[in-house]
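J.: What follows is the file query13.pdb, containing PDB, C-alpha atoms:
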ATOM      1  CA  MET A   1      -0.960 -15.619 -12.979  1.00  0.00           C
ATOM      2  CA  GLY A   2       1.396 -13.988 -10.453  1.00  0.00           C
ATOM      3  CA  THR A   3       4.863 -12.626 -10.879  1.00  0.00           C
ATOM      4  CA  LEU A   4       7.646 -14.297 -12.815  1.00  0.00           C
ATOM      5  CA  PRO A   5      10.867 -15.445 -11.112  1.00  0.00           C
ATOM      6  CA  CYS A   6      12.769 -12.525 -12.651  1.00  0.00           C
ATOM      7  CA  GLY A   7      10.457  -9.947 -11.045  1.00  0.00           C
ATOM      8  CA  ALA A   8       8.192  -9.209 -14.030  1.00  0.00           C
ATOM      9  CA  PRO A   9       4.737  -8.379 -12.662  1.00  0.00           C
ATOM     10  CA  THR A  10       2.814 -11.010 -14.661  1.00  0.00           C
ATOM     11  CA  ARG A  11       2.879 -13.013 -17.917  1.00  0.00           C
ATOM     12  CA  TYR A  12       0.629 -10.580 -19.791  1.00  0.00           C
ATOM     13  CA  GLU A  13      -2.061  -7.978 -19.149  1.00  0.00           C
ATOM     14  CA  TYR A  14      -4.387  -5.687 -21.059  1.00  0.00           C
ATOM     15  CA  GLY A  15      -4.241  -1.909 -21.117  1.00  0.00           C
ATOM     16  CA  GLU A  16      -6.808   0.718 -21.917  1.00  0.00           C
ATOM     17  CA  HIS A  17      -7.138   1.813 -25.506  1.00  0.00           C
ATOM     18  CA  THR A  18      -9.994   3.598 -27.245  1.00  0.00           C
ATOM     19  CA  ALA A  19     -11.113   1.161 -29.956  1.00  0.00           C
ATOM     20  CA  ASP A  20      -8.755  -1.780 -29.878  1.00  0.00           C
ATOM     21  CA  ILE A  21      -6.864  -3.767 -27.246  1.00  0.00           C
ATOM     22  CA  LEU A  22      -3.450  -2.906 -25.879  1.00  0.00           C
ATOM     23  CA  VAL A  23      -1.583  -6.107 -24.986  1.00  0.00           C
ATOM     24  CA  ILE A  24       1.364  -5.925 -22.605  1.00  0.00           C
ATOM     25  CA  ALA A  25       3.419  -9.123 -22.341  1.00  0.00           C
ATOM     26  CA  TYR A  26       6.304  -9.913 -20.027  1.00  0.00           C
ATOM     27  CA  GLY A  27       9.009 -12.541 -19.880  1.00  0.00           C
ATOM     28  CA  CYS A  28      12.268 -13.287 -18.138  1.00  0.00           C
ATOM     29  CA  THR A  29      13.713 -13.740 -21.642  1.00  0.00           C
ATOM     30  CA  LEU A  30      12.721 -12.194 -24.949  1.00  0.00           C
ATOM     31  CA  GLU A  31      11.532 -15.640 -26.090  1.00  0.00           C
ATOM     32  CA  GLU A  32       9.277 -15.998 -23.045  1.00  0.00           C
ATOM     33  CA  ALA A  33       7.837 -12.517 -23.635  1.00  0.00           C
ATOM     34  CA  PHE A  34       7.046 -13.433 -27.269  1.00  0.00           C
ATOM     35  CA  LYS A  35       5.352 -16.652 -26.071  1.00  0.00           C
ATOM     36  CA  ASN A  36       3.317 -14.746 -23.487  1.00  0.00           C
ATOM     37  CA  ALA A  37       2.338 -12.156 -26.115  1.00  0.00           C
ATOM     38  CA  ALA A  38       0.851 -14.933 -28.267  1.00  0.00           C
ATOM     39  CA  LEU A  39      -1.016 -16.348 -25.259  1.00  0.00           C
ATOM     40  CA  GLY A  40      -2.315 -12.889 -24.396  1.00  0.00           C
ATOM     41  CA  VAL A  41      -3.751 -12.506 -27.894  1.00  0.00           C
ATOM     42  CA  ALA A  42      -5.379 -15.966 -27.839  1.00  0.00           C
ATOM     43  CA  ASN A  43      -6.953 -15.354 -24.424  1.00  0.00           C
ATOM     44  CA  LEU A  44      -8.845 -12.397 -25.858  1.00  0.00           C
ATOM     45  CA  THR A  45     -10.912 -14.863 -27.935  1.00  0.00           C
ATOM     46  CA  TYR A  46     -10.969 -18.217 -26.116  1.00  0.00           C
ATOM     47  CA  TYR A  47      -9.788 -19.895 -22.930  1.00  0.00           C
ATOM     48  CA  THR A  48      -6.305 -21.265 -23.584  1.00  0.00           C
ATOM     49  CA  ASP A  49      -6.377 -23.268 -20.353  1.00  0.00           C
ATOM     50  CA  ARG A  50      -9.078 -25.470 -21.934  1.00  0.00           C
ATOM     51  CA  VAL A  51      -6.862 -26.437 -24.875  1.00  0.00           C
ATOM     52  CA  GLU A  52      -5.463 -29.959 -24.903  1.00  0.00           C
ATOM     53  CA  LEU A  53      -2.225 -30.920 -26.550  1.00  0.00           C
ATOM     54  CA  ARG A  54      -3.164 -33.004 -29.580  1.00  0.00           C
ATOM     55  CA  GLU A  55      -0.580 -31.827 -32.091  1.00  0.00           C
ATOM     56  CA  TYR A  56       2.276 -29.397 -32.595  1.00  0.00           C
ATOM     57  CA  VAL A  57       2.597 -26.932 -35.450  1.00  0.00           C
ATOM     58  CA  GLU A  58       5.745 -25.089 -36.398  1.00  0.00           C
ATOM     59  CA  VAL A  59       5.762 -21.311 -36.319  1.00  0.00           C
ATOM     60  CA  LYS A  60       8.622 -19.496 -38.030  1.00  0.00           C
ATOM     61  CA  VAL A  61       8.719 -15.808 -38.899  1.00  0.00           C
ATOM     62  CA  ASP A  62      11.374 -13.289 -39.907  1.00  0.00           C
ATOM     63  CA  GLY A  63      11.750  -9.573 -39.318  1.00  0.00           C
ATOM     64  CA  ASP A  64      14.271  -6.878 -40.164  1.00  0.00           C
ATOM     65  CA  ASP A  65      14.092  -5.602 -36.575  1.00  0.00           C
ATOM     66  CA  LEU A  66      12.449  -6.746 -33.337  1.00  0.00           C
ATOM     67  CA  GLU A  67       9.315  -4.690 -33.985  1.00  0.00           C
ATOM     68  CA  GLN A  68       8.734  -6.313 -37.367  1.00  0.00           C
ATOM     69  CA  LEU A  69       9.528  -9.709 -35.834  1.00  0.00           C
ATOM     70  CA  LEU A  70       6.898  -9.185 -33.119  1.00  0.00           C
ATOM     71  CA  PHE A  71       4.380  -7.967 -35.697  1.00  0.00           C
ATOM     72  CA  ASN A  72       4.943 -11.035 -37.886  1.00  0.00           C
ATOM     73  CA  TRP A  73       4.904 -13.370 -34.848  1.00  0.00           C
ATOM     74  CA  ILE A  74       1.502 -12.167 -33.636  1.00  0.00           C
ATOM     75  CA  ASP A  75       0.174 -12.013 -37.190  1.00  0.00           C
ATOM     76  CA  GLU A  76       1.100 -15.694 -37.625  1.00  0.00           C
ATOM     77  CA  PHE A  77      -0.760 -16.657 -34.438  1.00  0.00           C
ATOM     78  CA  ILE A  78      -3.829 -14.705 -35.579  1.00  0.00           C
ATOM     79  CA  TYR A  79      -3.666 -16.677 -38.849  1.00  0.00           C
ATOM     80  CA  LEU A  80      -3.312 -19.996 -36.981  1.00  0.00           C
ATOM     81  CA  PHE A  81      -6.557 -19.333 -35.168  1.00  0.00           C
ATOM     82  CA  ASP A  82      -8.538 -17.395 -37.778  1.00  0.00           C
ATOM     83  CA  GLY A  83      -7.343 -19.172 -40.904  1.00  0.00           C
ATOM     84  CA  LYS A  84      -6.690 -22.704 -39.660  1.00  0.00           C
ATOM     85  CA  LYS A  85      -9.031 -22.801 -36.632  1.00  0.00           C
ATOM     86  CA  PHE A  86      -6.103 -24.006 -34.527  1.00  0.00           C
ATOM     87  CA  ALA A  87      -6.550 -23.313 -30.825  1.00  0.00           C
ATOM     88  CA  TYR A  88      -3.151 -23.148 -29.190  1.00  0.00           C
ATOM     89  CA  GLY A  89      -2.526 -23.340 -25.486  1.00  0.00           C
ATOM     90  CA  ASP A  90       0.459 -22.968 -23.216  1.00  0.00           C
ATOM     91  CA  TYR A  91       2.367 -25.665 -25.102  1.00  0.00           C
ATOM     92  CA  PHE A  92       5.450 -24.008 -26.550  1.00  0.00           C
ATOM     93  CA  ARG A  93       8.636 -25.955 -27.295  1.00  0.00           C
ATOM     94  CA  ASN A  94      11.969 -24.831 -28.664  1.00  0.00           C
ATOM     95  CA  VAL A  95      11.095 -21.129 -28.708  1.00  0.00           C
ATOM     96  CA  ALA A  96      14.081 -19.324 -30.206  1.00  0.00           C
ATOM     97  CA  ILE A  97      14.880 -15.855 -31.482  1.00  0.00           C
ATOM     98  CA  GLU A  98      18.006 -15.707 -33.605  1.00  0.00           C
ATOM     99  CA  GLY A  99      19.928 -12.976 -35.350  1.00  0.00           C
ATOM    100  CA  ASN A 100      20.963  -9.399 -34.800  1.00  0.00           C
ATOM    101  CA  GLY A 101      18.753  -7.852 -37.463  1.00  0.00           C
ATOM    102  CA  PRO A 102      17.385  -9.451 -39.459  1.00  0.00           C
ATOM    103  CA  TYR A 103      15.853 -11.802 -36.893  1.00  0.00           C
ATOM    104  CA  THR A 104      14.078 -15.149 -36.993  1.00  0.00           C
ATOM    105  CA  ALA A 105      11.626 -16.418 -34.371  1.00  0.00           C
ATOM    106  CA  ARG A 106      10.581 -20.042 -34.293  1.00  0.00           C
ATOM    107  CA  ALA A 107       8.681 -22.400 -32.022  1.00  0.00           C
ATOM    108  CA  LEU A 108       6.699 -25.597 -31.922  1.00  0.00           C
ATOM    109  CA  VAL A 109       3.240 -24.693 -30.659  1.00  0.00           C
ATOM    110  CA  GLY A 110       0.788 -27.230 -29.316  1.00  0.00           C
ATOM    111  CA  GLY A 111      -2.964 -27.316 -29.381  1.00  0.00           C
ATOM    112  CA  GLU A 112      -5.948 -28.707 -31.222  1.00  0.00           C
ATOM    113  CA  HIS A 113      -8.759 -27.809 -33.625  1.00  0.00           C
ATOM    114  CA  PHE A 114     -10.893 -25.009 -32.142  1.00  0.00           C
ATOM    115  CA  ASP A 115     -14.208 -26.104 -30.661  1.00  0.00           C
ATOM    116  CA  ILE A 116     -16.341 -23.278 -29.290  1.00  0.00           C
ATOM    117  CA  ASN A 117     -18.164 -25.676 -26.962  1.00  0.00           C
ATOM    118  CA  LYS A 118     -14.877 -26.771 -25.422  1.00  0.00           C
ATOM    119  CA  HIS A 119     -12.681 -23.678 -25.615  1.00  0.00           C
ATOM    120  CA  GLY A 120     -15.408 -21.072 -25.105  1.00  0.00           C
ATOM    121  CA  TYR A 121     -15.688 -17.607 -26.575  1.00  0.00           C
ATOM    122  CA  ARG A 122     -14.725 -14.471 -24.675  1.00  0.00           C
ATOM    123  CA  GLY A 123     -16.599 -12.123 -27.003  1.00  0.00           C
ATOM    124  CA  LEU A 124     -13.686 -10.697 -28.991  1.00  0.00           C
ATOM    125  CA  ILE A 125     -12.187 -11.651 -32.341  1.00  0.00           C
ATOM    126  CA  VAL A 126      -8.694 -10.364 -33.020  1.00  0.00           C
ATOM    127  CA  LYS A 127      -8.657  -9.187 -36.622  1.00  0.00           C
ATOM    128  CA  ALA A 128      -5.162  -7.818 -37.045  1.00  0.00           C
ATOM    129  CA  MET A 129      -1.866  -6.914 -35.455  1.00  0.00           C
ATOM    130  CA  THR A 130      -0.778  -3.264 -35.575  1.00  0.00           C
ATOM    131  CA  TYR A 131       2.362  -1.236 -34.953  1.00  0.00           C
ATOM    132  CA  ASN A 132       0.328   1.198 -32.854  1.00  0.00           C
ATOM    133  CA  MET A 133       1.919   1.859 -29.429  1.00  0.00           C
ATOM    134  CA  MET A 134       4.433  -0.950 -30.039  1.00  0.00           C
ATOM    135  CA  SER A 135       7.443  -1.095 -27.786  1.00  0.00           C
ATOM    136  CA  ILE A 136       9.959  -3.784 -26.922  1.00  0.00           C
ATOM    137  CA  LYS A 137      12.257  -3.119 -24.014  1.00  0.00           C
ATOM    138  CA  GLN A 138      14.232  -4.778 -21.303  1.00  0.00           C
ATOM    139  CA  GLU A 139      13.394  -3.467 -17.836  1.00  0.00           C
ATOM    140  CA  ASN A 140      15.516  -4.600 -14.909  1.00  0.00           C
ATOM    141  CA  ASN A 141      15.622  -8.407 -15.222  1.00  0.00           C
ATOM    142  CA  TYR A 142      12.717  -8.903 -17.648  1.00  0.00           C
ATOM    143  CA  TRP A 143      11.384  -8.013 -21.083  1.00  0.00           C
ATOM    144  CA  LYS A 144       8.214  -5.999 -21.679  1.00  0.00           C
ATOM    145  CA  LEU A 145       6.397  -6.044 -25.039  1.00  0.00           C
ATOM    146  CA  GLN A 146       3.514  -3.725 -25.790  1.00  0.00           C
ATOM    147  CA  PHE A 147       1.317  -3.597 -28.887  1.00  0.00           C
ATOM    148  CA  VAL A 148      -2.239  -2.974 -30.041  1.00  0.00           C
ATOM    149  CA  VAL A 149      -4.433  -5.509 -31.824  1.00  0.00           C
ATOM    150  CA  ASP A 150      -7.441  -4.589 -33.908  1.00  0.00           C
ATOM    151  CA  ILE A 151     -10.664  -6.270 -32.767  1.00  0.00           C
TER     152      ILE A 151
END
Go through the file and emit its structure as structure tokens.
T.:
Amino acid sequence: MGTLPCGAPTRYEYGEHTADILVIAYGCTLEEAFKNAALGVANLTYYTDRVELREYVEVKVDGDDLEQLLFNWIDEFIYLFDGKKFAYGDYFRNVAIEGNGPYTARALVGGEHFDINKHGYRGLIVKAMTYNMMSIKQENNYWKLQFVVDI
């Protein structure tokens, strides 16, 4: 994955946590960090690089603060996969975060119907988003998001 142009160490990574998975996502902008957080969650379950762009779906969530916005954002992506069997890849268009509290995040997200034979299975199913260990901060020239998902 490599570093981002703004100096962030990578797009996303996983940290140690006792029973669940700590996801740490980075981006040169807050929008890019939110996008990379969603990709980090998906890559726990399947290989996003195997997803082809067949259709776009709209994602739109609200939150009173950035933490609630991130929670609702990831929760929506868990629902896309778990509830609709939509495998999304690195096909994000018009990602926007608006407001000063309350906030709205929206994007068009591309992918296709999940096919285990095509997209694979990494051995983990993300069940839920949590507020555990959540942080959202700007460091130097990039954003860093951290949160735990229940598997």
J.: Which residues match the PyMOL selection byres ((chain A and resi 37) around 10) in the file above, as an MDAnalysis selection string?
T.: chainID A and resid 11:13 23:27 31:36 38:43 70 73:74 77 144:147
J.: My list of candidates is A:Tyr46, A:Tyr142, A:Tyr91, A:Phe71. Which is closest to Ile125 of chain A when distances are computed with all atoms listed in the file?
T.: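 Looking only at the distances to Ile125 of chain A, the closest residue turns out to be A:Tyr46.
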J.: Given all atoms listed in the file as the basis, pick out the residue of A:Leu124, A:Leu66, A:Met134, A:Met129 nearest to Tyr79 of chain A.
T.: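 Checking each candidate against Tyr79 of chain A, we get A:Met129 as the closest.
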J.: Please enumerate the residues selected by the PyMOL selection byres ((chain A and resi 65) around 12) when evaluated against the supplied file, formatted as a VMD selection string.
T.: chain A and resid 61 to 64 66 to 72 97 to 105 135 to 136
J.: Care to translate the PyMOL selection byres ((chain A and resi 94) around 9) into actual residues of this file, as a compact mmCIF listing (two decimals) with C-alpha atoms, in the frame of the given file?
T.:
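The result, stored in result35.txt:
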# COMPACT_ATOMS: atom_id res chain seq x y z
CA PHE A 92 5.45 -24.01 -26.55
CA ARG A 93 8.64 -25.96 -27.30
CA VAL A 95 11.10 -21.13 -28.71
CA ALA A 96 14.08 -19.32 -30.21
CA ARG A 106 10.58 -20.04 -34.29
CA ALA A 107 8.68 -22.40 -32.02
CA LEU A 108 6.70 -25.60 -31.92
CA VAL A 109 3.24 -24.69 -30.66
J.: Please determine, counting all atoms listed in the file, which residue among A:Leu44, A:Leu53, A:Leu4, A:Ile78 has the shortest atom-to-atom distance to Ile21 of chain A.
T.: A:Leu44
J.: With all atoms listed in the file as the basis for distance, which of A:Glu139, A:Glu58, A:Asp150, A:Asp75 is at the shortest distance from Leu30 of chain A?
T.: A:Glu139
J.: Distance atom CA of Asp90 of chain A-atom CA of Val59 of chain A, one decimal place?
T.: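 Straight-line distance from atom CA of Asp90 of chain A to atom CA of Val59 of chain A works out to 14.2 Å.
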J.: Please report the interatomic distance between atom CA of Val148 of chain A and atom CA of Tyr56 of chain A in Å with one decimal.
T.: 26.9 Å
J.: Interatomic distance between atom CA of Lys118 of chain A and atom CA of Gly15 of chain A?
T.: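 So the two atoms, atom CA of Lys118 of chain A and atom CA of Gly15 of chain A, lie 27.4 Å apart.
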J.: For Tyr131 of chain A, which residue out of A:His113, A:Tyr47, A:Leu22, A:Thr10 is the nearest one, using all atoms listed in the file?
T.: A:Leu22
J.: Of the candidates A:Thr48, A:Gln138, A:Thr29, A:Thr130, which one gets nearest to Gly89 of chain A if we count only C-alpha atoms?
T.: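 Comparing A:Thr48, A:Gln138, A:Thr29, A:Thr130 against Gly89 of chain A, the winner is A:Thr48.
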J.: Give me the box for segment 94-98 of chain A as JSON, namely the centre and edge lengths in Å to one decimal of a box along x, y and z that holds every listed atom plus 5 Å on each side.
T.:
{"center_x": 14.6, "center_y": -20.3, "center_z": -31.1, "size_x": 16.9, "size_y": 19.1, "size_z": 14.9}
J.: As a compact mmCIF listing (two decimals), in the frame of the given file, please: segment 55-80 of chain A completed to N, CA and C atoms.
T.:
# COMPACT_ATOMS: atom_id res chain seq x y z
N GLU A 55 -1.58 -31.89 -31.03
CA GLU A 55 -0.58 -31.83 -32.09
C GLU A 55 0.25 -30.56 -31.93
N TYR A 56 1.42 -30.57 -32.54
CA TYR A 56 2.28 -29.40 -32.60
C TYR A 56 2.32 -28.88 -34.02
N VAL A 57 2.36 -27.57 -34.16
CA VAL A 57 2.60 -26.93 -35.45
C VAL A 57 3.84 -26.06 -35.32
N GLU A 58 4.55 -25.92 -36.42
CA GLU A 58 5.74 -25.09 -36.40
C GLU A 58 5.39 -23.66 -36.78
N VAL A 59 5.91 -22.73 -36.01
CA VAL A 59 5.76 -21.31 -36.32
C VAL A 59 7.16 -20.77 -36.57
N LYS A 60 7.33 -20.09 -37.69
CA LYS A 60 8.62 -19.50 -38.03
C LYS A 60 8.36 -18.20 -38.78
N VAL A 61 8.89 -17.11 -38.26
CA VAL A 61 8.72 -15.81 -38.90
C VAL A 61 10.06 -15.07 -38.90
N ASP A 62 10.18 -14.12 -39.80
CA ASP A 62 11.37 -13.29 -39.91
C ASP A 62 10.99 -11.83 -39.76
N GLY A 63 11.97 -11.01 -39.40
CA GLY A 63 11.75 -9.57 -39.32
C GLY A 63 13.07 -8.84 -39.41
N ASP A 64 13.05 -7.68 -40.03
CA ASP A 64 14.27 -6.88 -40.16
C ASP A 64 14.74 -6.34 -38.82
N ASP A 65 13.78 -6.06 -37.92
CA ASP A 65 14.09 -5.60 -36.58
C ASP A 65 13.12 -6.29 -35.61
N LEU A 66 13.29 -6.06 -34.32
CA LEU A 66 12.45 -6.75 -33.34
C LEU A 66 10.98 -6.36 -33.45
N GLU A 67 10.70 -5.11 -33.83
CA GLU A 67 9.32 -4.69 -33.98
C GLU A 67 8.63 -5.45 -35.12
N GLN A 68 9.31 -5.56 -36.25
CA GLN A 68 8.73 -6.31 -37.37
C GLN A 68 8.63 -7.79 -37.01
N LEU A 69 9.58 -8.31 -36.27
CA LEU A 69 9.53 -9.71 -35.83
C LEU A 69 8.31 -9.94 -34.94
N LEU A 70 8.07 -9.05 -33.99
CA LEU A 70 6.90 -9.18 -33.12
C LEU A 70 5.61 -9.07 -33.92
N PHE A 71 5.56 -8.12 -34.84
CA PHE A 71 4.38 -7.97 -35.70
C PHE A 71 4.10 -9.27 -36.45
N ASN A 72 5.12 -9.82 -37.10
CA ASN A 72 4.94 -11.04 -37.89
C ASN A 72 4.61 -12.23 -37.01
N TRP A 73 5.17 -12.29 -35.81
CA TRP A 73 4.90 -13.37 -34.85
C TRP A 73 3.42 -13.38 -34.47
N ILE A 74 2.91 -12.24 -34.04
CA ILE A 74 1.50 -12.17 -33.64
C ILE A 74 0.59 -12.38 -34.84
N ASP A 75 0.96 -11.82 -35.97
CA ASP A 75 0.17 -12.01 -37.19
C ASP A 75 0.06 -13.50 -37.54
N GLU A 76 1.12 -14.25 -37.35
CA GLU A 76 1.10 -15.69 -37.62
C GLU A 76 0.16 -16.43 -36.66
N PHE A 77 0.14 -16.02 -35.40
CA PHE A 77 -0.76 -16.66 -34.44
C PHE A 77 -2.22 -16.29 -34.71
N ILE A 78 -2.47 -15.08 -35.18
CA ILE A 78 -3.83 -14.70 -35.58
C ILE A 78 -4.26 -15.59 -36.75
N TYR A 79 -3.36 -15.81 -37.71
CA TYR A 79 -3.67 -16.68 -38.85
C TYR A 79 -3.92 -18.12 -38.40
N LEU A 80 -3.11 -18.63 -37.47
CA LEU A 80 -3.31 -20.00 -36.98
C LEU A 80 -4.73 -20.19 -36.47
